[in-house]
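Raw contents of my_file.tsv, TSV, C-alpha atoms and all ligand atoms:
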```
chain	number	residue	atom	x	y	z
A	224	MET	CA	19.38	1.26	8.07
A	225	THR	CA	19.99	4.33	5.94
A	226	LEU	CA	17.12	5.02	3.62
A	227	ARG	CA	18.61	5.31	0.16
A	228	PRO	CA	16.19	6.22	-2.64
A	229	HIS	CA	16.17	3.73	-5.55
A	230	GLN	CA	17.97	1.04	-3.53
A	231	TYR	CA	14.92	-1.20	-4.00
A	232	GLU	CA	13.49	-0.20	-7.34
A	233	SER	CA	11.94	-3.59	-7.81
A	234	CYS	CA	10.48	-6.08	-5.35
A	235	ILE	CA	12.61	-8.58	-3.46
A	236	GLN	CA	12.17	-12.36	-3.31
A	237	ILE	CA	10.91	-14.27	-0.27
A	238	ASP	CA	14.38	-15.64	0.60
A	239	GLU	CA	15.88	-12.17	0.74
A	240	ALA	CA	12.95	-10.97	2.88
A	241	ILE	CA	13.57	-13.84	5.33
A	242	PHE	CA	17.26	-12.93	5.47
A	243	LEU	CA	16.54	-9.23	6.10
A	244	LEU	CA	13.85	-9.92	8.72
A	245	ASN	CA	16.06	-12.44	10.51
A	246	SER	CA	18.85	-9.87	10.61
A	247	GLY	CA	16.46	-7.48	12.37
A	248	GLN	CA	15.53	-5.22	9.43
A	249	PRO	CA	12.03	-4.10	8.42
A	250	VAL	CA	10.47	-5.40	5.19
A	251	ALA	CA	7.14	-4.47	3.55
A	252	ILE	CA	5.00	-7.58	3.14
A	253	PRO	CA	1.65	-8.45	1.58
A	254	THR	CA	-1.38	-9.49	3.63
A	255	GLU	CA	-4.97	-9.95	2.49
A	256	THR	CA	-6.04	-6.65	4.15
A	257	VAL	CA	-3.31	-4.15	3.20
A	258	TYR	CA	0.50	-4.29	2.84
A	259	GLY	CA	2.32	-4.07	6.17
A	260	LEU	CA	5.77	-2.84	7.17
A	261	ALA	CA	7.02	-5.78	9.22
A	262	SER	CA	9.74	-6.45	11.77
A	263	LYS	CA	10.50	-9.38	14.03
A	264	ILE	CA	8.97	-8.69	17.43
A	265	ASP	CA	12.30	-9.18	19.20
A	266	SER	CA	14.24	-6.71	17.04
A	267	ALA	CA	14.20	-3.36	18.86
A	268	TYR	CA	16.06	-1.90	15.89
A	269	GLY	CA	13.50	-3.16	13.34
A	270	LEU	CA	10.58	-1.92	15.47
A	271	GLU	CA	12.12	1.53	15.88
A	272	GLN	CA	12.74	1.68	12.14
A	273	ILE	CA	9.04	1.03	11.46
A	274	PHE	CA	8.07	4.13	13.47
A	275	LYS	CA	10.87	6.16	11.87
A	276	ILE	CA	10.14	5.14	8.27
A	277	LYS	CA	6.39	5.74	8.64
A	278	ALA	CA	6.84	8.88	10.79
A	279	ARG	CA	4.42	7.11	13.12
A	280	PRO	CA	4.10	8.43	16.68
A	281	PHE	CA	5.25	6.00	19.36
A	282	PHE	CA	1.82	6.12	21.04
A	283	ASP	CA	0.24	4.22	18.13
A	284	PRO	CA	0.59	0.46	18.83
A	285	LEU	CA	1.43	-2.19	16.22
A	286	ILE	CA	-0.46	-5.39	15.46
A	287	VAL	CA	1.50	-8.64	15.82
A	288	HIS	CA	1.00	-11.17	13.01
A	289	VAL	CA	1.21	-14.87	13.78
A	290	SER	CA	1.12	-18.08	11.75
A	291	SER	CA	-0.17	-20.41	14.48
A	292	ILE	CA	-2.56	-20.37	17.42
A	293	ASP	CA	0.30	-21.46	19.68
A	294	GLN	CA	2.22	-18.31	18.79
A	295	ALA	CA	-0.87	-16.21	19.60
A	296	LYS	CA	-1.28	-17.98	22.95
A	297	SER	CA	2.36	-17.38	23.83
A	298	LEU	CA	1.93	-13.63	23.24
A	299	SER	CA	-1.16	-13.25	25.45
A	300	LEU	CA	-2.06	-13.89	29.09
A	301	ASN	CA	-5.85	-14.12	28.87
A	302	TRP	CA	-6.42	-16.46	25.93
A	303	ASN	CA	-9.96	-17.59	26.78
A	304	CYS	CA	-13.01	-19.25	25.19
A	305	ILE	CA	-13.79	-16.09	23.18
A	306	ALA	CA	-10.27	-15.93	21.75
A	307	ASP	CA	-10.46	-19.66	21.03
A	308	SER	CA	-13.78	-19.43	19.27
A	309	LEU	CA	-13.08	-16.26	17.24
A	310	SER	CA	-9.62	-17.38	16.16
A	311	SER	CA	-10.81	-20.81	15.08
A	312	HIS	CA	-13.72	-19.25	13.18
A	313	PHE	CA	-12.00	-16.29	11.50
A	314	TRP	CA	-8.26	-17.05	11.31
A	315	PRO	CA	-6.44	-16.85	9.06
A	316	GLY	CA	-8.41	-13.73	8.21
A	317	PRO	CA	-9.08	-10.01	8.73
A	318	LEU	CA	-9.81	-10.07	12.47
A	319	THR	CA	-7.44	-8.70	15.15
A	320	LEU	CA	-7.90	-9.73	18.78
A	321	VAL	CA	-6.69	-7.38	21.50
A	322	LEU	CA	-5.67	-9.39	24.55
A	323	GLU	CA	-3.55	-8.92	27.66
A	324	LYS	CA	0.09	-9.12	26.56
A	325	SER	CA	2.68	-11.60	27.79
A	326	ASN	CA	6.27	-10.55	28.50
A	327	LYS	CA	7.26	-11.80	25.03
A	328	VAL	CA	5.77	-8.57	23.65
A	329	ASN	CA	8.05	-5.54	23.66
A	330	ASP	CA	6.56	-2.27	25.04
A	331	LEU	CA	7.52	-0.56	21.79
A	332	ILE	CA	4.94	-2.71	20.00
A	333	THR	CA	2.10	-1.91	22.40
A	334	SER	CA	3.05	1.73	23.04
A	335	GLY	CA	3.36	0.86	26.71
A	336	LEU	CA	-0.16	-0.67	26.92
A	337	THR	CA	-0.65	-3.92	28.81
A	338	SER	CA	-2.64	-5.33	25.86
A	339	VAL	CA	-1.53	-6.48	22.40
A	340	GLY	CA	-3.35	-6.75	19.05
A	341	ILE	CA	-2.81	-10.18	17.39
A	342	ARG	CA	-3.90	-11.46	13.99
A	343	MET	CA	-3.21	-14.39	11.65
A	344	PRO	CA	-3.18	-13.00	8.09
A	345	ASN	CA	-4.72	-14.98	5.25
A	346	HIS	CA	-1.91	-14.60	2.73
A	347	PRO	CA	0.48	-17.43	1.78
A	348	ILE	CA	3.54	-15.14	1.62
A	349	ALA	CA	2.84	-13.51	4.99
A	350	LEU	CA	2.32	-16.95	6.57
A	351	LYS	CA	5.52	-18.27	5.01
A	352	LEU	CA	7.54	-15.31	6.30
A	353	ILE	CA	6.09	-15.64	9.81
A	354	SER	CA	6.73	-19.39	9.85
A	355	ALA	CA	10.36	-18.73	8.90
A	356	CYS	CA	11.00	-15.71	11.16
A	357	GLY	CA	8.51	-15.92	14.05
A	358	PRO	CA	5.75	-13.38	14.86
A	359	LEU	CA	6.03	-10.11	12.93
A	360	ALA	CA	4.82	-6.71	14.16
A	361	ALA	CA	3.41	-4.85	11.16
A	362	PRO	CA	1.39	-1.67	10.79
A	363	SER	CA	0.10	-0.68	7.36
A	364	ALA	CA	3.08	0.33	5.20
A	365	ASN	CA	1.90	3.90	4.40
A	366	LYS	CA	3.29	7.14	5.79
A	367	TYR	CA	1.48	8.07	9.00
A	368	GLY	CA	-2.09	9.29	8.45
A	369	ARG	CA	-2.09	8.49	4.73
A	370	THR	CA	-3.81	5.97	2.48
A	371	SER	CA	-2.82	2.34	3.13
A	372	PRO	CA	-1.04	0.46	0.29
A	373	THR	CA	-2.88	-2.41	-1.39
A	374	ARG	CA	-0.33	-3.10	-4.15
A	375	ALA	CA	3.47	-3.51	-3.95
A	376	THR	CA	3.88	-0.61	-6.41
A	377	HIS	CA	2.13	1.73	-3.95
A	378	ILE	CA	5.02	1.23	-1.52
A	379	LEU	CA	7.78	1.44	-4.14
A	380	GLU	CA	6.28	4.77	-5.24
A	381	GLU	CA	5.53	6.18	-1.77
A	382	TYR	CA	9.07	5.56	-0.47
A	383	GLN	CA	10.88	5.93	-3.82
A	384	GLY	CA	12.51	2.52	-3.52
A	385	CYS	CA	13.95	3.15	-0.03
A	386	ILE	CA	12.48	0.06	1.58
A	387	PRO	CA	12.42	-3.61	0.56
A	388	VAL	CA	9.01	-4.91	-0.57
A	389	VAL	CA	7.77	-8.44	-1.30
A	390	ASP	CA	5.13	-8.50	-4.04
A	391	GLY	CA	2.08	-10.59	-3.17
A	392	GLY	CA	-0.30	-9.13	-5.74
A	393	PRO	CA	-3.30	-6.86	-5.04
A	394	CYS	CA	-4.80	-7.24	-1.54
A	395	GLU	CA	-8.00	-9.21	-1.63
A	396	ILE	CA	-9.82	-7.45	1.25
A	397	GLY	CA	-8.31	-3.98	0.75
A	398	ILE	CA	-9.11	-2.34	4.10
A	399	GLU	CA	-7.63	-2.94	7.53
A	400	SER	CA	-8.80	-5.73	9.87
A	401	THR	CA	-11.74	-5.56	12.26
A	402	ILE	CA	-10.31	-5.10	15.78
A	403	ILE	CA	-12.08	-6.78	18.71
A	404	LYS	CA	-10.91	-6.29	22.27
A	405	VAL	CA	-11.44	-9.25	24.58
A	406	HIS	CA	-12.01	-7.85	28.08
A	407	SER	CA	-13.01	-11.09	29.83
A	408	ASP	CA	-14.82	-14.30	28.91
A	409	ARG	CA	-18.08	-12.30	28.99
A	410	GLU	CA	-17.25	-8.88	27.55
A	411	ILE	CA	-15.86	-7.66	24.24
A	412	SER	CA	-15.80	-4.41	22.29
A	413	ILE	CA	-15.17	-3.41	18.71
A	414	LEU	CA	-12.28	-0.95	18.34
A	415	ARG	CA	-12.21	-0.73	14.54
A	416	PRO	CA	-14.81	-1.87	12.00
A	417	GLY	CA	-13.64	-4.01	9.09
A	418	MET	CA	-14.97	-6.53	6.59
A	419	ILE	CA	-15.86	-8.94	9.40
A	420	SER	CA	-18.96	-7.33	10.90
A	421	GLN	CA	-20.12	-7.19	14.50
A	422	MET	CA	-23.01	-9.43	13.47
A	423	GLN	CA	-20.65	-12.13	12.10
A	424	VAL	CA	-18.67	-12.03	15.35
A	425	GLU	CA	-21.87	-12.36	17.38
A	426	LEU	CA	-23.05	-15.26	15.25
A	427	ALA	CA	-19.73	-17.13	15.58
A	428	LEU	CA	-19.81	-16.73	19.36
A	429	SER	CA	-23.41	-17.78	19.73
A	430	ARG	CA	-22.79	-20.86	17.55
A	431	ALA	CA	-19.99	-21.76	19.98
A	432	GLY	CA	-22.49	-21.39	22.83
A	433	ILE	CA	-20.85	-18.23	24.19
A	434	THR	CA	-23.00	-15.39	25.44
A	435	CYS	CA	-21.19	-12.16	25.97
A	436	SER	CA	-21.99	-8.47	25.99
A	437	TRP	CA	-20.54	-5.62	23.97
A	438	ILE	CA	-18.92	-2.79	25.87
A	439	ASN	CA	-19.70	0.53	24.23
A	440	SER	CA	-16.75	1.08	21.91
A	441	LYS	CA	-17.25	4.88	21.91
A	442	LYS	CA	-15.97	4.87	25.49
A	443	GLU	CA	-13.06	2.64	24.50
A	444	ILE	CA	-9.95	4.54	23.56
A	445	SER	CA	-7.91	2.84	20.90
A	446	PRO	CA	-4.67	4.77	20.57
A	447	GLY	CA	-3.97	5.55	16.96
A	448	SER	CA	-7.66	5.61	16.11
A	449	MET	CA	-7.39	9.14	14.75
A	450	LYS	CA	-9.96	11.51	13.41
A	451	HIS	CA	-7.91	11.95	10.27
A	452	HIS	CA	-6.34	8.93	8.68
A	453	TYR	CA	-6.08	7.31	5.26
A	454	MET	CA	-5.83	10.80	3.71
A	455	PRO	CA	-4.93	11.04	0.01
A	456	SER	CA	-2.41	13.61	-1.23
A	457	ILE	CA	-5.12	16.04	-2.39
A	458	PRO	CA	-8.33	16.86	-0.47
A	459	LEU	CA	-11.14	14.32	-0.57
A	460	ILE	CA	-14.64	15.78	-0.42
A	461	ILE	CA	-17.61	13.52	0.30
A	462	THR	CA	-21.01	14.68	-0.87
A	463	LEU	CA	-24.14	13.33	0.80
A	464	LYS	CA	-26.37	15.05	-1.77
A	465	GLN	CA	-25.63	15.29	-5.50
A	466	LYS	CA	-23.84	18.60	-6.19
A	467	THR	CA	-22.45	20.24	-9.30
A	468	ASP	CA	-18.70	20.85	-9.64
A	469	HIS	CA	-19.39	24.57	-9.31
A	470	ASP	CA	-21.25	24.13	-5.99
A	471	ILE	CA	-18.55	21.84	-4.62
A	472	ILE	CA	-15.79	24.33	-5.48
A	473	MET	CA	-17.78	27.22	-3.91
A	474	ASN	CA	-18.44	25.17	-0.73
A	475	TYR	CA	-14.80	24.07	-0.54
A	476	LEU	CA	-13.42	27.59	-1.02
A	477	SER	CA	-15.71	29.03	1.65
A	478	GLU	CA	-14.74	26.31	4.15
A	479	VAL	CA	-11.02	25.95	3.38
A	480	ALA	CA	-9.94	29.09	5.25
A	481	HIS	CA	-11.44	27.70	8.46
A	482	LEU	CA	-9.70	24.34	8.22
A	483	PRO	CA	-6.65	23.72	10.40
A	484	ASN	CA	-3.30	23.07	8.72
A	485	GLN	CA	-2.73	19.97	10.81
A	486	VAL	CA	-4.95	17.58	12.72
A	487	GLU	CA	-3.37	15.12	15.16
A	488	GLY	CA	-0.01	15.46	13.41
A	489	VAL	CA	-1.43	14.86	9.91
A	490	THR	CA	-0.98	17.75	7.47
A	491	ILE	CA	-4.20	18.80	5.73
A	492	HIS	CA	-3.55	19.69	2.09
A	493	LYS	CA	-5.52	22.79	1.12
A	494	PRO	CA	-5.09	23.97	-2.49
A	495	GLN	CA	-6.41	27.52	-2.94
A	496	ASN	CA	-7.24	27.23	-6.65
A	497	ILE	CA	-9.44	24.47	-7.95
A	498	ASN	CA	-9.32	23.78	-11.68
A	499	LYS	CA	-10.02	20.09	-11.89
A	500	ILE	CA	-12.18	17.74	-9.87
A	501	TYR	CA	-11.73	13.95	-9.98
A	502	ARG	CA	-15.09	12.25	-9.43
A	503	LEU	CA	-14.28	8.86	-7.93
A	504	LEU	CA	-17.01	6.26	-8.40
A	505	LEU	CA	-17.08	3.57	-5.74
A	506	PRO	CA	-17.72	0.03	-7.00
A	507	ASP	CA	-21.25	-1.28	-6.40
A	508	THR	CA	-20.63	-3.91	-3.73
A	509	PRO	CA	-18.98	-3.31	-0.34
A	510	GLN	CA	-16.47	-6.12	-1.04
A	511	MET	CA	-15.33	-4.55	-4.32
A	512	ALA	CA	-15.43	-1.02	-2.85
A	513	ALA	CA	-13.14	-2.10	0.01
A	514	ARG	CA	-10.79	-3.91	-2.37
A	515	GLU	CA	-10.44	-0.97	-4.74
A	516	LEU	CA	-10.86	2.10	-2.50
A	517	TYR	CA	-7.22	2.81	-1.61
A	518	ALA	CA	-5.94	2.04	-5.12
A	519	LEU	CA	-8.58	4.38	-6.59
A	520	LEU	CA	-7.57	7.12	-4.14
A	521	ARG	CA	-3.92	6.68	-5.11
A	522	HIS	CA	-4.64	6.66	-8.85
A	523	THR	CA	-5.97	10.21	-8.84
A	524	PRO	CA	-5.05	12.04	-12.09
A	525	LYS	CA	-1.90	14.15	-11.57
A	526	ASP	CA	-3.65	17.38	-12.59
A	527	ALA	CA	-6.66	17.00	-10.26
A	528	ASP	CA	-7.05	19.41	-7.32
A	529	LEU	CA	-9.90	17.70	-5.46
A	530	ILE	CA	-11.29	14.16	-5.24
A	531	VAL	CA	-15.07	13.96	-4.87
A	532	ILE	CA	-16.92	10.82	-3.81
A	533	HIS	CA	-20.70	10.81	-3.65
A	534	TRP	CA	-21.96	8.69	-0.74
A	535	SER	CA	-25.40	7.23	-1.37
A	536	HIS	CA	-25.65	4.47	1.25
A	537	SER	CA	-27.75	4.54	4.39
A	538	PRO	CA	-25.77	5.26	7.58
A	539	SER	CA	-27.32	2.15	9.12
A	540	ASP	CA	-26.16	-0.15	6.30
A	541	GLN	CA	-23.82	-2.53	8.21
A	542	ALA	CA	-22.23	-3.89	5.04
A	543	TRP	CA	-20.89	-0.43	4.13
A	544	SER	CA	-20.02	0.78	7.64
A	545	SER	CA	-16.30	-0.10	7.51
A	546	ILE	CA	-15.94	1.77	4.20
A	547	TRP	CA	-17.76	4.79	5.62
A	548	ASP	CA	-15.41	4.67	8.64
A	549	ARG	CA	-12.37	4.93	6.31
A	550	LEU	CA	-13.93	7.55	4.04
A	551	LYS	CA	-14.97	9.93	6.81
A	552	ARG	CA	-11.43	9.86	8.22
A	553	ALA	CA	-9.89	10.30	4.77
A	554	ALA	CA	-12.16	13.25	3.95
A	555	THR	CA	-11.17	16.87	4.32
A	556	LEU	CA	-14.83	17.91	4.09
A	557	ILE	CA	-18.21	16.22	4.09
A	558	LEU	CA	-20.83	18.32	2.25
A	601	LIG	P1	-2.52	-0.40	11.53
A	601	LIG	O1	-1.68	0.82	11.63
A	601	LIG	O2	-3.54	-0.30	10.44
A	601	LIG	O3	-1.77	-1.65	11.52
A	601	LIG	O4	-3.44	-0.50	12.85
A	601	LIG	C1	-2.94	-0.58	14.12
A	601	LIG	C2	-4.05	-0.13	15.01
A	601	LIG	O5	-4.46	-1.20	15.84
A	601	LIG	C3	-3.59	0.94	15.99
A	601	LIG	O6	-3.64	2.21	15.37
A	601	LIG	C4	-4.59	0.80	17.13
A	601	LIG	O7	-5.74	1.58	16.86
A	601	LIG	C5	-4.95	-0.69	17.08
A	601	LIG	N1	-4.28	-1.43	18.15
A	601	LIG	C6	-3.13	-2.16	18.06
A	601	LIG	N2	-2.80	-2.66	19.27
A	601	LIG	C7	-3.75	-2.25	20.13
A	601	LIG	C8	-3.96	-2.42	21.53
A	601	LIG	N3	-3.13	-3.10	22.29
A	601	LIG	N4	-5.06	-1.83	22.08
A	601	LIG	C9	-5.92	-1.12	21.33
A	601	LIG	N5	-5.77	-0.91	20.00
A	601	LIG	C10	-4.70	-1.46	19.42
A	602	MG	MG	-2.51	2.08	9.40
```
Do you think you could lay out the structure here as structure tokens?
Ligand code: AMP
Ligand code: MG
Amino acid sequence: MTLRPHQYESCIQIDEAIFLLNSGQPVAIPTETVYGLASKIDSAYGLEQIFKIKARPFFDPLIVHVSSIDQAKSLSLNWNCIADSLSSHFWPGPLTLVLEKSNKVNDLITSGLTSVGIRMPNHPIALKLISACGPLAAPSANKYGRTSPTRATHILEEYQGCIPVVDGGPCEIGIESTIIKVHSDREISILRPGMISQMQVELALSRAGITCSWINSKKEISPGSMKHHYMPSIPLIITLKQKTDHDIIMNYLSEVAHLPNQVEGVTIHKPQNINKIYRLLLPDTPQMAARELYALLRHTPKDADLIVIHWSHSPSDQAWSSIWDRLKRAATLIL
């Protein structure tokens, strides 16, 4: 697939997406979390293209999207009572289960790991495409390390019409899924926070009569869980105390010289002159903040040099923890 700018200036229809996916090509598709760049799991070409198009390192595994529990079972070896209970409670929905992989899952998808992340998305178009083409491996459709797309136009703009996109409207959840690793029928860990909280997972399991313990996720290494991720094209500064524009610029300028140019392969943008600050106000509820965050980051005025978000929530506020997780990774500085 040669990437030709302006080849896809507008979105494609579902039938064309099915044709492209079935011929082994990648297509950007909507889900309720964020838009994904999808390929059939048995197309080595399509999977390689995903990494190439996103400039994603091969050590960062992809999540496989399914449209039925049977598909999920066929991709995993240790489907147990926890997987049963969490999938029946939260699927289709923003929860990914990491399980031992079966030999149906290509090593390219799992970056050589013996486990695979599986999720059933809650979006009619994604489910239709998976039903027609089989399980689809799909990471978020942004360039590596950058803000995830939550509208079809985000992808058309980011890749200048180089890749086919199916429009499914704005994403309802707006941030990536919660990732839970199932270690055994007694132990789980949380690898990435999302809109489904640890408490909701615990409640669902206890209602199903399952008692299990959480393995400390800090000790768990999830490849691709990088310090810097979701970064907008100009620096994002988070303030924990109210600060004037003047103070923020002074703080930024004194810190910027000490910042690296790259962290974990992601380039850190560091303008040396600051003329305009864009103060981004987060919506009041965590649901709305998650839904709008990435679009607000992308809709930064063209002449702004810095984005500033003031964070006023308590660090222990569970409802906001997944948004804080994204913001701290997207931030160049926290003041
Ligand atoms: P995304 O790029 O938003 O689709 O997220 C994919 C992320 O899921 C990766 O960066 C990993 O952090 C995580 N992931 C996927 N598969 C696995 C796995 N087998 N084990 C641990 N984490 C995984
Ligand atoms: Mg991603």
Legend entry - Contacts to ligand MG 602 (chain A) at 7 Å cut-off (all atoms listed in the file) as an MDAnalysis selection string: chainID A and resid 362:363 365 371
Quick one: write out the picked residues with C-alpha atoms as a PDB file, keeping the file's coordinate frame?
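Here's the written file selection-v3.pdb:
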```pdb
ATOM      1  CA  PRO A 362       1.390  -1.670  10.790  1.00  0.00           C
ATOM      2  CA  SER A 363       0.100  -0.680   7.360  1.00  0.00           C
ATOM      3  CA  ASN A 365       1.900   3.900   4.400  1.00  0.00           C
ATOM      4  CA  SER A 371      -2.820   2.340   3.130  1.00  0.00           C
TER       5      SER A 371
END
```
Legend entry - Pick from A:Cys385, A:Ile403, A:Ile532, A:Leu298, whichever lies nearest to ligand LIG 601 (chain A) using only C-alpha atoms and all ligand atoms: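 Counting only C-alpha atoms and all ligand atoms, the residue closest to ligand LIG 601 (chain A) is A:Ile403.
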Legend entry - Surroundings of ligand LIG 601 (chain A) up to 9 Å, based on only C-alpha atoms and all ligand atoms, as a PyMOL selection string: chain A and resi 257+259-260+279+282-287+319-324+332-341+360-365+367+371+398-400+402-404+414-415+443-449
Inset, instruction - Could you give me, as a VMD selection string, the residues within 12 Å of range 381-383 of chain A, counting only C-alpha atoms and dropping anything in the same chain fewer than 3 positions from it? - result: chain A and resid 226 to 233 251 260 276 to 278 364 to 367 369 to 372 374 to 378 386 to 388 455 to 456 521
Give the padded box for range 366-376 of chain A as JSON: axis-aligned, covering all atoms listed in the file, 5 Å on each side, centre and edge lengths in Å to one decimal.
```
{"center_x": 0.0, "center_y": 2.9, "center_z": 1.3, "size_x": 17.7, "size_y": 22.8, "size_z": 25.4}
```
Inset, instruction - Quote the spacing between CA of Ser429 in chain A and CA of Asn301 in chain A in Å to one decimal place. - result: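 For CA of Ser429 in chain A relative to CA of Asn301 in chain A, the distance reads 20.1 Å.
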Legend entry - Option closest in space to Leu505 in chain A, from A:Trp547, A:Leu476, A:Gly488, A:Ile241 [counting only C-alpha atoms]: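 Smallest distance to Leu505 in chain A is found for A:Trp547.
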Inset, instruction - Tell me which protein, DNA and RNA residues are within 9 Å of Tyr501 in chain A, counting only C-alpha atoms, leaving out same-chain ones fewer than 3 positions away, and put them as an MDAnalysis selection string. - result: chainID A and resid 523:524 527:532
Inset, instruction - Have a look at A:Gly392, A:Gly316, A:Pro458, A:Gly247 and name the one nearest to Ala261 in chain A; count all atoms listed in the file. - result: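 Closest to Ala261 in chain A of all the choices is A:Gly247.
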Inset, instruction - To one decimal in Å, tell me the separation between CA of Gly417 in chain A and CA of Ser545 in chain A. - result: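 So the answer is 5.0 Å.
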Legend entry - Counting only C-alpha atoms, the residue of A:Pro280, A:Pro249, A:Pro494, A:Gly357 that sits nearest Val389 in chain A: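 Under the stated criterion, the closest residue is A:Pro249.
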Legend entry - Nearest to Asn439 in chain A by atom-to-atom distance, counting all atoms listed in the file, from A:Leu350, A:Ile557, A:Met418, A:Ile411: A:Ile411
Legend entry - Which residue of A:Met343, A:Leu556, A:Cys356, A:Ser311 approaches Ser246 in chain A most closely, using only C-alpha atoms: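 Once distances to Ser246 in chain A are computed over only C-alpha atoms, the minimum belongs to A:Cys356.
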Legend entry - Atomic separation - CA of Asp470 in chain A relative to CA of Gln495 in chain A, Å: 15.5 Å
Inset, instruction - Please provide as a list in words all residues within 9 Å of Asp307 in chain A, with the sequence filter that same-chain residues fewer than 5 positions apart are discarded (counting all atoms listed in the file). - result: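 Contacts, with the query itself left out: Ile292, Trp302 and His312 of chain A.
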Legend entry - Long-range neighbours of Gly397 in chain A as a PyMOL selection string, 10 Å cut-off, all atoms listed in the file, 4 positions minimum in chain: chain A and resi 254-258+371-374+393+417-418+510-518
Inset, instruction - Mind listing whatever residues come within 12 Å of the point (14.1, -17.1, 2.2)? Use all atoms listed in the file, file coordinates, and give them as a PyMOL selection string. - result: chain A and resi 235-245+348+351-356+389
Legend entry - Nearby residues, (-20.0, 15.0, 2.4) file frame, 7 Å, all atoms listed in the file, as a PyMOL selection string: chain A and resi 460-463+556-558
